[in-house]
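A.B. asks: What follows is model00.cif, mmCIF, C-alpha atoms.
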```
data_coords
loop_
_atom_site.group_PDB
_atom_site.id
_atom_site.type_symbol
_atom_site.label_atom_id
_atom_site.label_comp_id
_atom_site.auth_asym_id
_atom_site.auth_seq_id
_atom_site.Cartn_x
_atom_site.Cartn_y
_atom_site.Cartn_z
ATOM 1 C CA MET H 10 4.446 73.413 97.665
ATOM 2 C CA SER H 11 7.759 71.922 96.767
ATOM 3 C CA ALA H 12 7.964 68.156 96.466
ATOM 4 C CA LEU H 13 11.400 68.181 98.110
ATOM 5 C CA GLY H 14 11.408 68.525 101.893
ATOM 6 C CA THR H 15 14.151 68.635 104.476
ATOM 7 C CA VAL H 16 14.491 69.452 108.154
ATOM 8 C CA VAL H 17 18.150 70.431 107.866
ATOM 9 C CA GLY H 18 18.960 73.910 109.193
ATOM 10 C CA LEU H 19 15.311 75.024 109.263
ATOM 11 C CA GLY H 20 13.327 76.252 112.243
ATOM 12 C CA VAL H 21 10.416 74.074 111.188
ATOM 13 C CA ALA H 22 10.253 71.134 108.872
ATOM 14 C CA LEU H 23 8.924 71.637 105.401
ATOM 15 C CA PRO H 24 5.524 69.985 105.134
ATOM 16 C CA PHE H 25 5.436 66.277 104.499
ATOM 17 C CA ALA H 26 2.730 64.726 102.413
ATOM 18 C CA LEU H 27 -0.553 64.048 104.155
ATOM 19 C CA ALA H 28 -0.655 60.816 106.070
ATOM 20 C CA ALA H 29 -0.798 57.966 103.588
ATOM 21 C CA PRO H 30 -1.984 54.429 104.175
ATOM 22 C CA ALA H 31 0.675 51.846 104.886
ATOM 23 C CA HIS H 32 2.095 50.262 101.758
ATOM 24 C CA ALA H 33 4.665 47.579 101.108
ATOM 25 C CA GLN H 34 6.168 49.247 98.072
ATOM 26 C CA SER H 35 8.389 52.307 97.912
ATOM 27 C CA ASN H 36 7.608 55.316 95.739
ATOM 28 C CA LEU H 37 11.318 55.868 95.101
ATOM 29 C CA SER H 38 13.788 54.661 92.463
ATOM 30 C CA VAL H 39 17.449 55.580 91.849
ATOM 31 C CA THR H 40 19.673 55.554 88.767
ATOM 32 C CA LYS H 41 23.317 56.395 88.180
ATOM 33 C CA SER H 42 24.934 57.311 84.850
ATOM 34 C CA HIS H 43 27.797 59.092 83.113
ATOM 35 C CA GLU H 44 28.754 60.016 79.545
ATOM 36 C CA GLY H 45 31.756 58.668 77.651
ATOM 37 C CA ASN H 46 34.964 57.257 79.114
ATOM 38 C CA PHE H 47 37.027 58.918 81.820
ATOM 39 C CA ALA H 48 40.740 59.590 81.183
ATOM 40 C CA ARG H 49 43.552 59.120 83.667
ATOM 41 C CA GLY H 50 44.609 62.479 85.048
ATOM 42 C CA GLY H 51 41.379 64.096 83.828
ATOM 43 C CA GLN H 52 37.869 64.783 85.068
ATOM 44 C CA GLY H 53 34.482 63.175 84.677
ATOM 45 C CA ALA H 54 30.953 63.536 86.004
ATOM 46 C CA TYR H 55 28.383 61.122 87.377
ATOM 47 C CA THR H 56 24.676 61.831 87.624
ATOM 48 C CA ILE H 57 22.652 60.239 90.413
ATOM 49 C CA THR H 58 18.909 60.666 89.901
ATOM 50 C CA LEU H 59 16.287 60.039 92.567
ATOM 51 C CA THR H 60 12.780 59.698 91.164
ATOM 52 C CA ALA H 61 9.665 59.620 93.320
ATOM 53 C CA THR H 62 6.125 58.868 92.225
ATOM 54 C CA GLY H 63 4.740 60.083 95.541
ATOM 55 C CA ALA H 64 5.735 60.815 99.116
ATOM 56 C CA THR H 65 8.816 59.002 100.416
ATOM 57 C CA GLY H 66 10.301 58.284 103.781
ATOM 58 C CA LEU H 67 13.473 59.942 105.018
ATOM 59 C CA LEU H 68 16.350 59.333 102.601
ATOM 60 C CA ASP H 69 19.992 58.649 103.375
ATOM 61 C CA VAL H 70 22.129 58.602 100.207
ATOM 62 C CA THR H 71 25.704 57.289 100.179
ATOM 63 C CA ASP H 72 28.006 57.092 97.181
ATOM 64 C CA ASN H 73 31.356 55.460 97.976
ATOM 65 C CA LEU H 74 33.513 56.277 94.968
ATOM 66 C CA PRO H 75 35.804 53.566 93.521
ATOM 67 C CA THR H 76 39.601 53.486 93.720
ATOM 68 C CA GLY H 77 41.250 56.283 91.734
ATOM 69 C CA VAL H 78 38.097 58.437 91.610
ATOM 70 C CA ARG H 79 37.604 61.463 93.889
ATOM 71 C CA ALA H 80 34.638 63.835 94.090
ATOM 72 C CA THR H 81 35.449 67.539 93.782
ATOM 73 C CA ALA H 82 32.104 69.303 93.300
ATOM 74 C CA LEU H 83 28.357 68.722 93.594
ATOM 75 C CA GLY H 84 25.512 70.227 91.605
ATOM 76 C CA GLY H 85 21.952 69.672 90.492
ATOM 77 C CA LEU H 86 18.741 69.907 92.523
ATOM 78 C CA LEU H 87 20.130 67.629 95.265
ATOM 79 C CA GLY H 88 23.530 69.327 95.433
ATOM 80 C CA PRO H 89 22.688 71.667 98.365
ATOM 81 C CA PHE H 90 21.554 68.691 100.461
ATOM 82 C CA CYS H 91 24.770 66.695 100.036
ATOM 83 C CA ASP H 92 28.392 66.797 101.167
ATOM 84 C CA ILE H 93 31.762 65.414 100.026
ATOM 85 C CA THR H 94 33.494 63.538 102.850
ATOM 86 C CA ASN H 95 36.448 61.238 103.519
ATOM 87 C CA GLY H 96 38.840 63.216 101.374
ATOM 88 C CA GLY H 97 36.613 63.018 98.309
ATOM 89 C CA THR H 98 35.947 59.278 98.447
ATOM 90 C CA THR H 99 32.354 59.577 99.681
ATOM 91 C CA VAL H 100 29.316 61.651 98.758
ATOM 92 C CA HIS H 101 26.560 61.718 101.388
ATOM 93 C CA CYS H 102 23.074 63.213 101.400
ATOM 94 C CA GLY H 103 20.738 62.848 104.367
ATOM 95 C CA SER H 104 19.722 64.428 107.657
ATOM 96 C CA GLY H 105 16.015 64.570 106.960
ATOM 97 C CA LEU H 106 15.960 64.627 103.169
ATOM 98 C CA ASN H 107 12.665 63.398 101.729
ATOM 99 C CA PHE H 108 10.229 63.845 98.840
ATOM 100 C CA THR H 109 6.704 65.066 99.527
ATOM 101 C CA GLY H 110 5.375 64.244 96.070
ATOM 102 C CA ALA H 111 6.249 63.192 92.543
ATOM 103 C CA LEU H 112 9.645 64.550 91.527
ATOM 104 C CA SER H 113 12.838 63.612 89.674
ATOM 105 C CA ALA H 114 15.896 65.159 91.344
ATOM 106 C CA PRO H 115 19.454 64.840 89.968
ATOM 107 C CA LEU H 116 22.740 65.034 91.839
ATOM 108 C CA ASN H 117 25.729 65.856 89.636
ATOM 109 C CA VAL H 118 29.066 64.645 90.999
ATOM 110 C CA THR H 119 32.225 66.028 89.361
ATOM 111 C CA VAL H 120 35.205 63.717 89.886
ATOM 112 C CA ASN H 121 38.965 63.751 89.341
ATOM 113 C CA ILE H 122 40.595 60.624 87.911
ATOM 114 C CA ALA H 123 43.983 59.613 89.331
ATOM 115 C CA ALA H 124 46.923 59.061 86.986
ATOM 116 C CA ASP H 125 47.116 55.438 88.163
ATOM 117 C CA ALA H 126 43.383 54.727 88.310
ATOM 118 C CA PRO H 127 42.233 51.211 87.318
ATOM 119 C CA CYS H 128 41.182 50.760 83.705
ATOM 120 C CA SER H 129 37.675 49.754 84.747
ATOM 121 C CA VAL H 130 35.690 50.717 87.840
ATOM 122 C CA SER H 131 32.110 50.389 89.028
ATOM 123 C CA ASN H 132 30.449 53.123 91.055
ATOM 124 C CA THR H 133 27.510 52.180 93.304
ATOM 125 C CA VAL H 134 25.135 54.524 95.112
ATOM 126 C CA THR H 135 22.952 53.248 97.964
ATOM 127 C CA VAL H 136 19.804 54.922 99.305
ATOM 128 C CA ILE H 137 18.235 53.898 102.629
ATOM 129 C CA GLU H 138 14.604 55.020 102.851
ATOM 130 C CA THR H 139 12.905 55.017 106.248
ATOM 131 C CA GLU H 140 9.179 55.715 106.351
ATOM 132 C CA THR H 141 7.438 57.485 109.183
ATOM 133 C CA GLU H 142 4.950 55.546 111.296
ATOM 134 C CA GLU H 143 2.128 57.308 109.474
ATOM 135 C CA GLN H 144 3.541 56.072 106.181
ATOM 136 C CA GLY H 145 3.800 52.503 107.403
ATOM 137 C CA GLY H 146 7.178 52.396 109.136
ATOM 138 C CA GLU H 147 8.860 50.397 106.351
ATOM 139 C CA THR H 148 12.557 50.565 105.491
ATOM 140 C CA PHE H 149 13.702 50.177 101.888
ATOM 141 C CA THR H 150 17.166 49.883 100.373
ATOM 142 C CA HIS H 151 17.738 51.151 96.829
ATOM 143 C CA SER H 152 20.979 50.969 94.859
ATOM 144 C CA ALA H 153 22.323 51.590 91.370
ATOM 145 C CA SER H 154 25.712 50.816 89.817
ATOM 146 C CA ASP H 155 27.484 52.426 86.882
ATOM 147 C CA PRO H 156 30.465 50.600 85.275
ATOM 148 C CA THR H 157 33.019 53.049 83.910
ATOM 149 C CA THR H 158 35.896 52.605 81.438
ATOM 150 C CA ILE H 159 39.056 54.628 82.159
ATOM 151 C CA THR H 160 41.539 55.353 79.385
ATOM 152 C CA GLY H 161 45.163 56.508 79.204
ATOM 153 C CA GLY H 162 48.558 54.868 79.754
ATOM 154 C CA ASP H 163 48.485 51.090 79.742
ATOM 155 C CA CYS H 164 44.672 51.249 79.763
ATOM 156 C CA ASP H 165 44.900 51.926 76.011
ATOM 157 C CA GLY H 166 46.597 48.583 75.295
ATOM 158 C CA GLY H 167 50.138 49.954 75.068
ATOM 159 C CA GLY H 168 53.244 48.010 75.931
ATOM 160 C CA GLY H 169 54.036 46.003 72.867
ATOM 161 C CA GLY H 170 52.086 44.610 70.139
ATOM 162 C CA GLY H 171 49.026 46.183 68.639
ATOM 163 C CA GLY H 172 49.630 45.707 64.953
ATOM 164 C CA GLY H 173 51.489 48.923 64.434
ATOM 165 C CA GLY H 174 53.488 47.526 61.525
ATOM 166 C CA GLY H 175 56.865 47.393 63.302
ATOM 167 C CA SER H 176 59.320 44.547 63.491
ATOM 168 C CA ILE H 177 58.236 41.404 65.304
ATOM 169 C CA LEU H 178 61.763 41.196 66.771
ATOM 170 C CA PRO H 179 62.685 43.294 69.793
ATOM 171 C CA ILE H 180 65.904 44.481 68.035
ATOM 172 C CA ASN H 181 66.726 46.023 64.679
ATOM 173 C CA LEU H 182 69.241 43.909 62.687
ATOM 174 C CA ASN H 183 69.693 46.439 59.889
ATOM 175 C CA GLY H 184 73.412 47.230 59.453
ATOM 176 C CA VAL H 185 74.487 44.348 61.694
ATOM 177 C CA ILE H 186 73.952 41.228 59.562
ATOM 178 C CA PRO H 187 74.556 41.248 55.753
ATOM 179 C CA MET H 188 71.273 40.990 53.869
ATOM 180 C CA PHE H 189 71.281 39.155 50.499
ATOM 181 C CA ASN H 190 68.986 39.646 47.546
ATOM 182 C CA ASN H 191 68.993 36.529 45.317
ATOM 183 C CA ILE H 192 66.381 36.302 42.586
ATOM 184 C CA THR H 193 66.369 33.726 39.776
ATOM 185 C CA THR H 194 64.188 33.922 36.673
ATOM 186 C CA ASN H 195 63.794 30.814 34.495
ATOM 187 C CA SER H 196 62.241 31.128 31.043
ATOM 188 C CA ASN H 197 61.233 27.732 29.607
ATOM 189 C CA ILE H 198 59.520 27.665 26.209
ATOM 190 C CA ASP H 199 58.527 24.191 25.040
ATOM 191 C CA SER H 200 58.718 24.555 21.290
ATOM 192 C CA PRO H 201 61.056 23.300 18.499
ATOM 193 C CA GLY H 202 64.376 25.139 18.471
ATOM 194 C CA ALA H 203 63.710 26.881 21.806
ATOM 195 C CA SER H 204 66.250 27.063 24.609
ATOM 196 C CA ASN H 205 66.146 27.631 28.327
ATOM 197 C CA ASN H 206 67.553 30.852 29.725
ATOM 198 C CA SER H 207 68.254 31.316 33.388
ATOM 199 C CA HIS H 208 69.053 34.740 34.796
ATOM 200 C CA GLN H 209 70.192 35.346 38.321
ATOM 201 C CA ALA H 210 70.671 38.718 40.009
ATOM 202 C CA PHE H 211 72.805 38.777 43.122
ATOM 203 C CA GLY H 212 73.226 41.732 45.405
ATOM 204 C CA LEU H 213 74.735 42.312 48.840
ATOM 205 C CA ASN H 214 73.531 44.932 51.225
ATOM 206 C CA ALA H 215 76.643 45.359 53.345
ATOM 207 C CA PRO H 216 76.378 46.486 56.972
#
```
Please rewrite the model in this file as structure tokens.
C.D. replies:
Amino acid sequence: MSALGTVVGLGVALPFALAAPAHAQSNLSVTKSHEGNFARGGQGAYTITLTATGATGLLDVTDNLPTGVRATALGGLLGPFCDITNGGTTVHCGSGLNFTGALSAPLNVTVNIAADAPCSVSNTVTVIETETEEQGGETFTHSASDPTTITGGDCDGGGGGGGGGGSILPINLNGVIPMFNNITTNSNIDSPGASNNSHQAFGLNAP
């Protein structure tokens, strides 16, 4: 018997776990993660993972995506139980979703990154768990956040200065102001019969 149950679109509900004694602690935990940085104008992927150590109550999962990030596709074990709404700004899973036993179920969310997305965002998923009366009738709120760095454009520190070896002045004076090379060499030998010799080389780099 599968540990993932839902009453959505089925003539009868998939079996829940046998009635369990009331408990004050949920069997569910949630995490959210991604790999690497996301680039402006590109794509990325978040992974939301729901992990149960036993039967859970009914689950309502909401992921409100941050500014500049839009969901385009869903995958993973939870993908068929979820929808993209609000023009890609929200991912929602619910309508009777629950676990009937120990299971770790991922939801993969593919996202597009806007060309003007902020350089740093934080994505938070919230899960409301509502137990049946047989389970104790408790309600639990679970959440997980995932800070994300976005690169590209001025997010990469562009716009002036970064030690690139260029001139510290905003204009190039070459060919506008005469540049002089003036080097003097003085040889001084402190010994009987010695003399001092001074040599000076002068050059003009004309505009």
A.B. asks: The PyMOL selection byres ((chain H and resi 94) around 12) on the file shown: which residues, as a list in words?
C.D. replies: Thr71, Asp72, Asn73, Leu74, Arg79, Ala80, Thr81, Ala82, Leu83, Cys91, Asp92, Ile93, Asn95, Gly96, Gly97, Thr98, Thr99, Val100, His101 and Cys102 of chain H
A.B. asks: Once the PyMOL selection byres ((chain H and resi 48) around 9) is applied to the coordinates I shared, what remains selected? I want it as a ChimeraX atom specification.
C.D. replies: /H:46-47,49-53,122-124,158-161
A.B. asks: Between CA of Gly88 in chain H and CA of Glu138 in chain H, what is the spacing in Å?
C.D. replies: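 Atom-to-atom, CA of Glu138 in chain H and CA of Gly88 in chain H are spaced 18.4 Å apart.
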A.B. asks: As a list in words, please: the residues near Leu87 in chain H (cut-off 7 Å, only C-alpha atoms, same-chain neighbours under 4 positions excluded).
C.D. replies: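 Result of the neighbour search: Cys91, Ala114, Pro115 and Leu116 of chain H.
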A.B. asks: So, with only C-alpha atoms as the atoms that count, which of H:Thr133, H:Asp125, H:Thr119, H:Leu68 lies closest to Gly103 in chain H?
C.D. replies: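 Between H:Thr133, H:Asp125, H:Thr119, H:Leu68, the residue approaching Gly103 in chain H most closely is H:Leu68.
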A.B. asks: For the atom pair CA of Val70 in chain H and CA of Leu37 in chain H, what is the interatomic distance in Å to one decimal place?
C.D. replies: 12.3 Å
A.B. asks: Might you pull out every residue within 7 Å of range 40-44 of chain H, with all atoms listed in the file counted and same-chain residues fewer than 3 positions away left off, and present them as a PyMOL selection string?
C.D. replies: chain H and resi 54-59+153-155
A.B. asks: Given all atoms listed in the file as the basis, pick out the residue of H:Gln144, H:Thr157, H:Ser152, H:Ser104 nearest to Ser129 in chain H.
C.D. replies: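 Of the candidates, the smallest distance to Ser129 in chain H is held by H:Thr157.
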A.B. asks: To one decimal place in Å, what is the distance between CA of Asp69 in chain H and CA of Pro127 in chain H?
C.D. replies: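 Spanning CA of Asp69 in chain H to CA of Pro127 in chain H is a straight-line distance of 28.4 Å.
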A.B. asks: Care to translate the PyMOL selection byres ((chain H and resi 113) around 10) into actual residues of this file, as JSON, numbers by chain?
C.D. replies: {"H": [12, 13, 37, 38, 39, 58, 59, 60, 61, 62, 86, 108, 110, 111, 112, 114, 115]}
A.B. asks: Mind filling out range 30-44 of chain H with N, CA and C atoms and sending it as a PDB file, in the coordinates of the input?
C.D. replies:
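So the final result, stored in rebuild-v5.pdb, reads:
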```pdb
ATOM      1  N   PRO H  30      -1.809  55.779 103.634  1.00  0.00           N
ATOM      2  CA  PRO H  30      -1.984  54.429 104.175  1.00  0.00           C
ATOM      3  C   PRO H  30      -0.694  53.639 104.029  1.00  0.00           C
ATOM      4  N   ALA H  31      -0.520  52.686 104.935  1.00  0.00           N
ATOM      5  CA  ALA H  31       0.675  51.846 104.886  1.00  0.00           C
ATOM      6  C   ALA H  31       0.732  51.107 103.561  1.00  0.00           C
ATOM      7  N   HIS H  32       1.929  50.989 103.003  1.00  0.00           N
ATOM      8  CA  HIS H  32       2.095  50.262 101.758  1.00  0.00           C
ATOM      9  C   HIS H  32       3.406  49.511 101.799  1.00  0.00           C
ATOM     10  N   ALA H  33       3.483  48.441 101.080  1.00  0.00           N
ATOM     11  CA  ALA H  33       4.665  47.579 101.108  1.00  0.00           C
ATOM     12  C   ALA H  33       5.605  47.867  99.956  1.00  0.00           C
ATOM     13  N   GLN H  34       5.346  48.922  99.230  1.00  0.00           N
ATOM     14  CA  GLN H  34       6.168  49.247  98.072  1.00  0.00           C
ATOM     15  C   GLN H  34       6.589  50.708  98.126  1.00  0.00           C
ATOM     16  N   SER H  35       7.873  50.944  97.865  1.00  0.00           N
ATOM     17  CA  SER H  35       8.389  52.307  97.912  1.00  0.00           C
ATOM     18  C   SER H  35       7.965  53.098  96.685  1.00  0.00           C
ATOM     19  N   ASN H  36       7.875  54.412  96.860  1.00  0.00           N
ATOM     20  CA  ASN H  36       7.608  55.316  95.739  1.00  0.00           C
ATOM     21  C   ASN H  36       8.882  55.825  95.090  1.00  0.00           C
ATOM     22  N   LEU H  37      10.035  55.314  95.534  1.00  0.00           N
ATOM     23  CA  LEU H  37      11.318  55.868  95.101  1.00  0.00           C
ATOM     24  C   LEU H  37      12.086  54.892  94.219  1.00  0.00           C
ATOM     25  N   SER H  38      12.824  55.438  93.254  1.00  0.00           N
ATOM     26  CA  SER H  38      13.788  54.661  92.463  1.00  0.00           C
ATOM     27  C   SER H  38      15.039  55.513  92.268  1.00  0.00           C
ATOM     28  N   VAL H  39      16.187  54.860  91.999  1.00  0.00           N
ATOM     29  CA  VAL H  39      17.449  55.580  91.849  1.00  0.00           C
ATOM     30  C   VAL H  39      18.196  55.048  90.638  1.00  0.00           C
ATOM     31  N   THR H  40      18.831  55.941  89.903  1.00  0.00           N
ATOM     32  CA  THR H  40      19.673  55.554  88.767  1.00  0.00           C
ATOM     33  C   THR H  40      20.998  56.306  88.871  1.00  0.00           C
ATOM     34  N   LYS H  41      22.011  55.739  88.217  1.00  0.00           N
ATOM     35  CA  LYS H  41      23.317  56.395  88.180  1.00  0.00           C
ATOM     36  C   LYS H  41      23.873  56.263  86.777  1.00  0.00           C
ATOM     37  N   SER H  42      24.461  57.336  86.236  1.00  0.00           N
ATOM     38  CA  SER H  42      24.934  57.311  84.850  1.00  0.00           C
ATOM     39  C   SER H  42      26.102  58.276  84.671  1.00  0.00           C
ATOM     40  N   HIS H  43      26.759  58.150  83.525  1.00  0.00           N
ATOM     41  CA  HIS H  43      27.797  59.092  83.113  1.00  0.00           C
ATOM     42  C   HIS H  43      27.860  59.048  81.596  1.00  0.00           C
ATOM     43  N   GLU H  44      28.598  59.976  80.996  1.00  0.00           N
ATOM     44  CA  GLU H  44      28.754  60.016  79.545  1.00  0.00           C
ATOM     45  C   GLU H  44      30.204  59.780  79.168  1.00  0.00           C
TER      46      GLU H  44
END
```
